[in-house]
$ cat coords.tsv   # TSV, N, CA and C atoms
chain	number	residue	atom	x	y	z
C	1	MET	N	-9.19	-4.18	-21.57
C	1	MET	CA	-8.71	-3.09	-20.74
C	1	MET	C	-9.50	-3.01	-19.43
C	2	GLU	N	-10.79	-3.33	-19.52
C	2	GLU	CA	-11.64	-3.30	-18.33
C	2	GLU	C	-11.19	-4.33	-17.29
C	3	ILE	N	-10.79	-5.51	-17.77
C	3	ILE	CA	-10.33	-6.56	-16.85
C	3	ILE	C	-9.04	-6.14	-16.17
C	4	PHE	N	-8.14	-5.51	-16.92
C	4	PHE	CA	-6.88	-5.01	-16.35
C	4	PHE	C	-7.17	-3.99	-15.25
C	5	LYS	N	-8.14	-3.11	-15.50
C	5	LYS	CA	-8.54	-2.11	-14.50
C	5	LYS	C	-9.05	-2.78	-13.24
C	6	ILE	N	-9.96	-3.72	-13.40
C	6	ILE	CA	-10.57	-4.39	-12.25
C	6	ILE	C	-9.53	-5.15	-11.44
C	7	ILE	N	-8.67	-5.89	-12.13
C	7	ILE	CA	-7.64	-6.67	-11.42
C	7	ILE	C	-6.68	-5.76	-10.68
C	8	THR	N	-6.21	-4.71	-11.34
C	8	THR	CA	-5.23	-3.80	-10.73
C	8	THR	C	-5.83	-3.09	-9.52
C	9	LEU	N	-7.02	-2.54	-9.68
C	9	LEU	CA	-7.65	-1.84	-8.55
C	9	LEU	C	-8.02	-2.82	-7.43
C	10	SER	N	-8.45	-4.02	-7.80
C	10	SER	CA	-8.80	-5.02	-6.78
C	10	SER	C	-7.59	-5.41	-5.95
C	11	LEU	N	-6.49	-5.77	-6.62
C	11	LEU	CA	-5.28	-6.15	-5.90
C	11	LEU	C	-4.78	-5.01	-5.01
C	12	SER	N	-4.75	-3.82	-5.57
C	12	SER	CA	-4.26	-2.66	-4.82
C	12	SER	C	-5.16	-2.35	-3.63
C	13	GLY	N	-6.46	-2.30	-3.87
C	13	GLY	CA	-7.40	-1.94	-2.82
C	13	GLY	C	-7.51	-2.99	-1.72
C	14	ILE	N	-7.57	-4.25	-2.12
C	14	ILE	CA	-7.69	-5.32	-1.12
C	14	ILE	C	-6.43	-5.39	-0.26
C	15	LEU	N	-5.26	-5.28	-0.87
C	15	LEU	CA	-4.02	-5.33	-0.10
C	15	LEU	C	-3.95	-4.19	0.91
C	16	LEU	N	-4.22	-2.97	0.47
C	16	LEU	CA	-4.16	-1.83	1.39
C	16	LEU	C	-5.23	-1.93	2.48
C	17	THR	N	-6.41	-2.34	2.11
C	17	THR	CA	-7.50	-2.48	3.09
C	17	THR	C	-7.14	-3.52	4.14
C	18	PHE	N	-6.68	-4.68	3.69
C	18	PHE	CA	-6.35	-5.76	4.62
C	18	PHE	C	-5.17	-5.39	5.53
C	19	VAL	N	-4.09	-4.92	4.93
C	19	VAL	CA	-2.90	-4.57	5.72
C	19	VAL	C	-3.21	-3.40	6.65
C	20	GLY	N	-3.89	-2.38	6.14
C	20	GLY	CA	-4.23	-1.22	6.97
C	20	GLY	C	-5.09	-1.61	8.15
C	21	LEU	N	-6.12	-2.41	7.92
C	21	LEU	CA	-7.01	-2.82	9.00
C	21	LEU	C	-6.28	-3.71	10.01
C	22	SER	N	-5.48	-4.64	9.52
C	22	SER	CA	-4.72	-5.52	10.42
C	22	SER	C	-3.79	-4.74	11.33
C	23	ARG	N	-3.08	-3.77	10.76
C	23	ARG	CA	-2.15	-2.97	11.55
C	23	ARG	C	-2.88	-2.00	12.46
C	24	LEU	N	-4.04	-1.56	12.06
C	24	LEU	CA	-4.83	-0.66	12.89
C	24	LEU	C	-5.36	-1.39	14.12
C	25	VAL	N	-5.86	-2.60	13.93
C	25	VAL	CA	-6.47	-3.37	15.01
C	25	VAL	C	-5.42	-3.95	15.96
C	26	ASN	N	-4.36	-4.53	15.40
C	26	ASN	CA	-3.36	-5.19	16.25
C	26	ASN	C	-1.96	-5.01	15.66
C	27	PRO	N	-1.38	-3.82	15.83
C	27	PRO	CA	-0.07	-3.56	15.22
C	27	PRO	C	1.06	-4.43	15.77
C	28	LEU	N	1.03	-4.77	17.04
C	28	LEU	CA	2.10	-5.57	17.63
C	28	LEU	C	2.21	-6.93	16.94
C	29	LYS	N	1.09	-7.60	16.80
C	29	LYS	CA	1.06	-8.93	16.19
C	29	LYS	C	1.32	-8.84	14.68
C	30	THR	N	0.68	-7.90	14.02
C	30	THR	CA	0.76	-7.80	12.56
C	30	THR	C	2.16	-7.45	12.09
C	31	TYR	N	2.81	-6.49	12.74
C	31	TYR	CA	4.16	-6.12	12.32
C	31	TYR	C	5.12	-7.29	12.49
C	32	TYR	N	4.99	-8.02	13.60
C	32	TYR	CA	5.89	-9.14	13.82
C	32	TYR	C	5.65	-10.24	12.79
C	33	LYS	N	4.38	-10.54	12.54
C	33	LYS	CA	4.02	-11.62	11.61
C	33	LYS	C	4.41	-11.27	10.17
C	34	ASN	N	4.12	-10.04	9.72
C	34	ASN	CA	4.32	-9.67	8.32
C	34	ASN	C	5.70	-9.11	8.00
C	35	SER	N	6.36	-8.51	8.98
C	35	SER	CA	7.63	-7.84	8.71
C	35	SER	C	8.78	-8.34	9.57
C	36	GLY	N	8.48	-9.19	10.53
C	36	GLY	CA	9.52	-9.66	11.43
C	36	GLY	C	9.99	-8.59	12.40
C	37	ILE	N	9.16	-7.54	12.57
C	37	ILE	CA	9.52	-6.43	13.46
C	37	ILE	C	8.81	-6.63	14.80
C	38	SER	N	9.60	-6.65	15.85
C	38	SER	CA	9.05	-6.79	17.19
C	38	SER	C	8.87	-5.39	17.79
C	39	LEU	N	7.63	-5.00	17.95
C	39	LEU	CA	7.32	-3.69	18.52
C	39	LEU	C	7.13	-3.81	20.03
C	40	HIS	N	7.40	-2.74	20.72
C	40	HIS	CA	7.16	-2.69	22.16
C	40	HIS	C	5.98	-1.76	22.41
C	41	LYS	N	5.40	-1.86	23.56
C	41	LYS	CA	4.23	-1.02	23.88
C	41	LYS	C	4.65	0.42	24.14
C	42	ASP	N	5.11	1.07	23.09
C	42	ASP	CA	5.46	2.48	23.14
C	42	ASP	C	4.24	3.25	22.62
C	43	THR	N	3.57	3.96	23.49
C	43	THR	CA	2.31	4.63	23.15
C	43	THR	C	2.48	5.56	21.95
C	44	ASN	N	3.57	6.30	21.90
C	44	ASN	CA	3.78	7.24	20.80
C	44	ASN	C	4.00	6.52	19.47
C	45	LEU	N	4.81	5.47	19.48
C	45	LEU	CA	5.05	4.71	18.26
C	45	LEU	C	3.77	4.03	17.79
C	46	LEU	N	3.02	3.44	18.71
C	46	LEU	CA	1.77	2.79	18.32
C	46	LEU	C	0.77	3.79	17.77
C	47	ASN	N	0.76	5.00	18.30
C	47	ASN	CA	-0.12	6.05	17.79
C	47	ASN	C	0.25	6.39	16.35
C	48	GLU	N	1.53	6.51	16.07
C	48	GLU	CA	1.99	6.81	14.70
C	48	GLU	C	1.63	5.66	13.75
C	49	ILE	N	1.84	4.45	14.20
C	49	ILE	CA	1.55	3.28	13.38
C	49	ILE	C	0.06	3.19	13.07
C	50	ARG	N	-0.77	3.39	14.08
C	50	ARG	CA	-2.22	3.30	13.86
C	50	ARG	C	-2.71	4.44	12.95
C	51	GLY	N	-2.10	5.60	13.06
C	51	GLY	CA	-2.47	6.71	12.18
C	51	GLY	C	-2.18	6.37	10.72
C	52	LEU	N	-0.99	5.87	10.44
C	52	LEU	CA	-0.63	5.47	9.08
C	52	LEU	C	-1.48	4.30	8.61
C	53	SER	N	-1.78	3.38	9.52
C	53	SER	CA	-2.61	2.23	9.17
C	53	SER	C	-4.01	2.65	8.76
C	54	ALA	N	-4.57	3.65	9.43
C	54	ALA	CA	-5.90	4.15	9.06
C	54	ALA	C	-5.86	4.78	7.67
C	55	VAL	N	-4.78	5.48	7.34
C	55	VAL	CA	-4.63	6.06	6.00
C	55	VAL	C	-4.58	4.94	4.96
C	56	MET	N	-3.83	3.88	5.25
C	56	MET	CA	-3.75	2.75	4.33
C	56	MET	C	-5.13	2.09	4.15
C	57	PHE	N	-5.83	1.87	5.25
C	57	PHE	CA	-7.14	1.24	5.21
C	57	PHE	C	-8.13	2.06	4.38
C	58	LEU	N	-8.22	3.35	4.68
C	58	LEU	CA	-9.16	4.21	3.95
C	58	LEU	C	-8.76	4.38	2.49
C	59	SER	N	-7.46	4.44	2.21
C	59	SER	CA	-6.99	4.51	0.82
C	59	SER	C	-7.41	3.26	0.06
C	60	GLY	N	-7.30	2.11	0.71
C	60	GLY	CA	-7.73	0.87	0.07
C	60	GLY	C	-9.21	0.89	-0.29
C	61	LEU	N	-10.02	1.40	0.63
C	61	LEU	CA	-11.46	1.49	0.35
C	61	LEU	C	-11.74	2.44	-0.82
C	62	LEU	N	-11.03	3.57	-0.84
C	62	LEU	CA	-11.22	4.52	-1.94
C	62	LEU	C	-10.77	3.94	-3.28
C	63	ILE	N	-9.70	3.18	-3.26
C	63	ILE	CA	-9.23	2.53	-4.49
C	63	ILE	C	-10.28	1.54	-4.98
C	64	LEU	N	-10.86	0.79	-4.07
C	64	LEU	CA	-11.90	-0.18	-4.46
C	64	LEU	C	-13.13	0.50	-5.04
C	65	LEU	N	-13.44	1.71	-4.60
C	65	LEU	CA	-14.58	2.45	-5.15
C	65	LEU	C	-14.44	2.67	-6.65
C	66	GLY	N	-13.21	2.80	-7.12
C	66	GLY	CA	-12.96	3.03	-8.55
C	66	GLY	C	-13.40	1.89	-9.43
C	67	ILE	N	-13.58	0.71	-8.85
C	67	ILE	CA	-14.08	-0.44	-9.62
C	67	ILE	C	-15.56	-0.26	-9.90
C	68	PHE	N	-16.28	0.30	-8.96
C	68	PHE	CA	-17.74	0.38	-9.04
C	68	PHE	C	-18.27	1.74	-9.49
C	69	LEU	N	-17.49	2.78	-9.31
C	69	LEU	CA	-17.91	4.13	-9.71
C	69	LEU	C	-16.99	4.64	-10.82
C	70	PRO	N	-17.42	4.56	-12.06
C	70	PRO	CA	-16.56	4.95	-13.18
C	70	PRO	C	-15.98	6.38	-13.06
C	71	LYS	N	-16.75	7.30	-12.50
C	71	LYS	CA	-16.25	8.66	-12.36
C	71	LYS	C	-15.13	8.76	-11.34
C	72	PHE	N	-14.97	7.73	-10.52
C	72	PHE	CA	-13.94	7.74	-9.47
C	72	PHE	C	-12.71	6.91	-9.85
C	73	THR	N	-12.74	6.26	-11.01
C	73	THR	CA	-11.65	5.37	-11.41
C	73	THR	C	-10.31	6.10	-11.49
C	74	PHE	N	-10.27	7.24	-12.15
C	74	PHE	CA	-9.01	7.99	-12.28
C	74	PHE	C	-8.45	8.34	-10.91
C	75	THR	N	-9.31	8.82	-10.03
C	75	THR	CA	-8.88	9.17	-8.67
C	75	THR	C	-8.34	7.95	-7.94
C	76	SER	N	-8.98	6.80	-8.11
C	76	SER	CA	-8.52	5.57	-7.48
C	76	SER	C	-7.10	5.21	-7.92
C	77	PHE	N	-6.86	5.34	-9.22
C	77	PHE	CA	-5.51	5.04	-9.72
C	77	PHE	C	-4.48	6.03	-9.18
C	78	ILE	N	-4.84	7.28	-9.08
C	78	ILE	CA	-3.92	8.29	-8.54
C	78	ILE	C	-3.61	7.99	-7.07
C	79	ILE	N	-4.61	7.63	-6.31
C	79	ILE	CA	-4.39	7.28	-4.89
C	79	ILE	C	-3.48	6.06	-4.79
C	80	ALA	N	-3.73	5.05	-5.60
C	80	ALA	CA	-2.91	3.83	-5.57
C	80	ALA	C	-1.46	4.14	-5.94
C	81	ILE	N	-1.27	4.95	-6.96
C	81	ILE	CA	0.09	5.32	-7.38
C	81	ILE	C	0.78	6.08	-6.26
C	82	LEU	N	0.09	7.03	-5.69
C	82	LEU	CA	0.67	7.83	-4.60
C	82	LEU	C	1.11	6.94	-3.44
C	83	ILE	N	0.24	6.04	-3.02
C	83	ILE	CA	0.54	5.18	-1.88
C	83	ILE	C	1.67	4.21	-2.21
C	84	PHE	N	1.54	3.45	-3.28
C	84	PHE	CA	2.52	2.41	-3.57
C	84	PHE	C	3.88	2.97	-3.99
C	85	ILE	N	3.88	3.94	-4.87
C	85	ILE	CA	5.16	4.52	-5.30
C	85	ILE	C	5.76	5.33	-4.15
C	86	GLY	N	4.91	5.99	-3.36
C	86	GLY	CA	5.41	6.73	-2.20
C	86	GLY	C	6.11	5.82	-1.20
C	87	PHE	N	5.49	4.69	-0.89
C	87	PHE	CA	6.13	3.71	0.01
C	87	PHE	C	7.43	3.20	-0.60
C	88	ALA	N	7.41	2.88	-1.89
C	88	ALA	CA	8.61	2.34	-2.54
C	88	ALA	C	9.75	3.36	-2.51
C	89	ILE	N	9.45	4.61	-2.80
C	89	ILE	CA	10.49	5.64	-2.78
C	89	ILE	C	11.07	5.79	-1.37
C	90	GLY	N	10.20	5.82	-0.37
C	90	GLY	CA	10.66	5.93	1.01
C	90	GLY	C	11.51	4.76	1.43
C	91	ARG	N	11.12	3.56	1.02
C	91	ARG	CA	11.88	2.36	1.39
C	91	ARG	C	13.23	2.31	0.68
C	92	VAL	N	13.26	2.70	-0.59
C	92	VAL	CA	14.55	2.73	-1.31
C	92	VAL	C	15.46	3.78	-0.69
C	93	PHE	N	14.91	4.92	-0.35
C	93	PHE	CA	15.69	5.95	0.34
C	93	PHE	C	16.25	5.39	1.65
C	94	SER	N	15.42	4.68	2.39
C	94	SER	CA	15.85	4.08	3.65
C	94	SER	C	16.95	3.04	3.43
C	95	MET	N	16.81	2.25	2.37
C	95	MET	CA	17.85	1.25	2.08
C	95	MET	C	19.19	1.93	1.83
C	96	ASN	N	19.17	3.04	1.13
C	96	ASN	CA	20.41	3.78	0.86
C	96	ASN	C	20.96	4.45	2.11
C	97	SER	N	20.08	4.89	2.98
C	97	SER	CA	20.50	5.60	4.19
C	97	SER	C	20.79	4.67	5.37
C	98	ASP	N	19.98	3.61	5.51
C	98	ASP	CA	20.02	2.79	6.71
C	98	ASP	C	20.50	1.36	6.51
C	99	GLY	N	20.57	0.92	5.28
C	99	GLY	CA	20.98	-0.46	5.00
C	99	GLY	C	19.82	-1.30	4.51
C	100	LYS	N	20.15	-2.51	4.11
C	100	LYS	CA	19.16	-3.43	3.54
C	100	LYS	C	18.31	-4.05	4.65
C	101	PRO	N	16.97	-3.99	4.50
C	101	PRO	CA	16.08	-4.60	5.50
C	101	PRO	C	15.98	-6.12	5.32
C	102	ASN	N	15.20	-6.75	6.17
C	102	ASN	CA	15.04	-8.21	6.11
C	102	ASN	C	14.26	-8.65	4.86
C	103	LYS	N	14.22	-9.96	4.65
C	103	LYS	CA	13.59	-10.55	3.47
C	103	LYS	C	12.12	-10.18	3.35
C	104	GLN	N	11.39	-10.20	4.46
C	104	GLN	CA	9.96	-9.90	4.43
C	104	GLN	C	9.71	-8.47	3.96
C	105	ILE	N	10.51	-7.53	4.43
C	105	ILE	CA	10.34	-6.14	4.01
C	105	ILE	C	10.75	-5.97	2.55
C	106	MET	N	11.80	-6.68	2.12
C	106	MET	CA	12.21	-6.62	0.72
C	106	MET	C	11.08	-7.11	-0.20
C	107	GLN	N	10.37	-8.16	0.22
C	107	GLN	CA	9.23	-8.64	-0.56
C	107	GLN	C	8.15	-7.56	-0.65
C	108	GLY	N	7.96	-6.83	0.45
C	108	GLY	CA	7.00	-5.73	0.45
C	108	GLY	C	7.39	-4.65	-0.55
C	109	ILE	N	8.68	-4.34	-0.60
C	109	ILE	CA	9.16	-3.32	-1.54
C	109	ILE	C	8.86	-3.74	-2.97
C	110	PHE	N	9.15	-4.99	-3.30
C	110	PHE	CA	8.89	-5.47	-4.65
C	110	PHE	C	7.40	-5.43	-4.97
C	111	SER	N	6.56	-5.79	-4.01
C	111	SER	CA	5.11	-5.73	-4.21
C	111	SER	C	4.65	-4.30	-4.46
C	112	GLU	N	5.20	-3.37	-3.70
C	112	GLU	CA	4.83	-1.96	-3.87
C	112	GLU	C	5.26	-1.43	-5.24
C	113	ILE	N	6.44	-1.81	-5.68
C	113	ILE	CA	6.92	-1.38	-7.00
C	113	ILE	C	6.05	-1.99	-8.10
C	114	ILE	N	5.73	-3.27	-7.97
C	114	ILE	CA	4.89	-3.93	-8.99
C	114	ILE	C	3.49	-3.32	-9.04
C	115	LEU	N	2.86	-3.17	-7.88
C	115	LEU	CA	1.50	-2.59	-7.87
C	115	LEU	C	1.52	-1.13	-8.33
C	116	GLY	N	2.51	-0.38	-7.90
C	116	GLY	CA	2.64	1.00	-8.37
C	116	GLY	C	2.80	1.04	-9.88
C	117	GLY	N	3.64	0.14	-10.41
C	117	GLY	CA	3.85	0.06	-11.86
C	117	GLY	C	2.61	-0.33	-12.62
C	118	LEU	N	1.85	-1.27	-12.09
C	118	LEU	CA	0.59	-1.68	-12.74
C	118	LEU	C	-0.40	-0.51	-12.80
C	119	ASN	N	-0.49	0.24	-11.70
C	119	ASN	CA	-1.40	1.39	-11.68
C	119	ASN	C	-0.96	2.47	-12.66
C	120	ILE	N	0.33	2.73	-12.72
C	120	ILE	CA	0.86	3.71	-13.69
C	120	ILE	C	0.60	3.22	-15.11
C	121	SER	N	0.84	1.92	-15.36
C	121	SER	CA	0.65	1.35	-16.69
C	121	SER	C	-0.79	1.52	-17.17
C	122	TYR	N	-1.75	1.28	-16.26
C	122	TYR	CA	-3.14	1.43	-16.67
C	122	TYR	C	-3.42	2.87	-17.11
C	123	LEU	N	-2.98	3.82	-16.31
C	123	LEU	CA	-3.25	5.22	-16.68
C	123	LEU	C	-2.60	5.59	-18.01
C	124	ILE	N	-1.41	5.12	-18.23
C	124	ILE	CA	-0.74	5.42	-19.51
C	124	ILE	C	-1.49	4.78	-20.66
C	125	LEU	N	-1.86	3.52	-20.51
C	125	LEU	CA	-2.59	2.82	-21.57
C	125	LEU	C	-3.96	3.43	-21.80
C	126	ALA	N	-4.60	3.91	-20.75
C	126	ALA	CA	-5.93	4.53	-20.88
C	126	ALA	C	-5.85	5.85	-21.63
C	127	MET	N	-4.69	6.51	-21.57
C	127	MET	CA	-4.54	7.81	-22.24
C	127	MET	C	-4.23	7.65	-23.73
C	128	ILE	N	-3.75	6.47	-24.09
C	128	ILE	CA	-3.35	6.25	-25.51
C	128	ILE	C	-4.57	6.01	-26.37
$ encode --input "coords.tsv" --output "structure tokens"
Amino acid sequence: MEIFKIITLSLSGILLTFVGLSRLVNPLKTYYKNSGISLHKDTNLLNEIRGLSAVMFLSGLLILLGIFLPKFTFTSFIIAILIFIGFAIGRVFSMNSDGKPNKQIMQGIFSEIILGGLNISYLILAMI
């Protein structure tokens, strides 16, 4: 069970930390490379993107803390579930409202659902 915890929190935390930091530092390049989205130098849009990216980055760091601080493990899983399932719900809602996104974004949706599911699974198994 300990290995499942470490792997799940590591994957979740590293992904959010890396993606959050990449989008925070260089959103124009990162969005195009990872999502196929070409952004323009719109100050307001970039401000929104960097704000969300900082939340992703810091959430990733907090999730990683749960590996090393046993008292913080439960909180780390809750943060991971909130972030990954929240993104997945928003993206599914968008697919129903706006249409199907490109292949790269669809891969992101599946990753979010899988990581969200792994985090939920750990908490359920830990309670049994």
$ atom_distance --input "coords.tsv" --atom1 "atom N of Val25 in chain C" --atom2 "atom N of Ile78 in chain C"
25.1 Å
$ residues_around --input "coords.tsv" --residues "Met56 in chain C" --least-positions-apart "5" --cutoff "8 Å" --atoms "only C-alpha atoms" --output "PyMOL selection string"
chain C and resi 16-17+19-21+83
$ atom_distance --input "coords.tsv" --atom1 "CA of Val92 in chain C" --atom2 "atom N of Asn44 in chain C"
25.9 Å
$ closest_residue --input "coords.tsv" --among "C:Leu9, C:Leu123, C:Leu15, C:Met106" --to "Ile63 in chain C" --atoms "all atoms listed in the file"
C:Leu9
$ residues_around --input "coords.tsv" --residues "Ile6 in chain C" --least-positions-apart "2" --cutoff "10 Å" --atoms "only C-alpha atoms" --output "list of chain:residue names"
C:Met1, C:Glu2, C:Ile3, C:Phe4, C:Thr8, C:Leu9, C:Ser10, C:Leu11, C:Ser12, C:Leu64, C:Gly66, C:Ile67, C:Phe68, C:Thr73
$ axis_aligned_box --input "coords.tsv" --around "range 30-40 of chain C" --padding-each-side "4 Å" --output "AutoDock Vina command-line options"
--center_x 5.3 --center_y -6.7 --center_z 15.2 --size_x 17.3 --size_y 17.9 --size_z 22.4
$ closest_residue --input "coords.tsv" --among "C:Leu82, C:Val55, C:Leu61, C:Phe77" --to "Tyr122 in chain C" --atoms "only N, CA and C atoms"
C:Phe77
$ closest_residue --input "coords.tsv" --among "C:Ile124, C:Ser22, C:Leu46, C:Phe57" --to "Asn34 in chain C" --atoms "only C-alpha atoms"
C:Ser22
$ atom_distance --input "coords.tsv" --atom1 "atom N of Thr30 in chain C" --atom2 "atom C of Asn102 in chain C"
16.4 Å
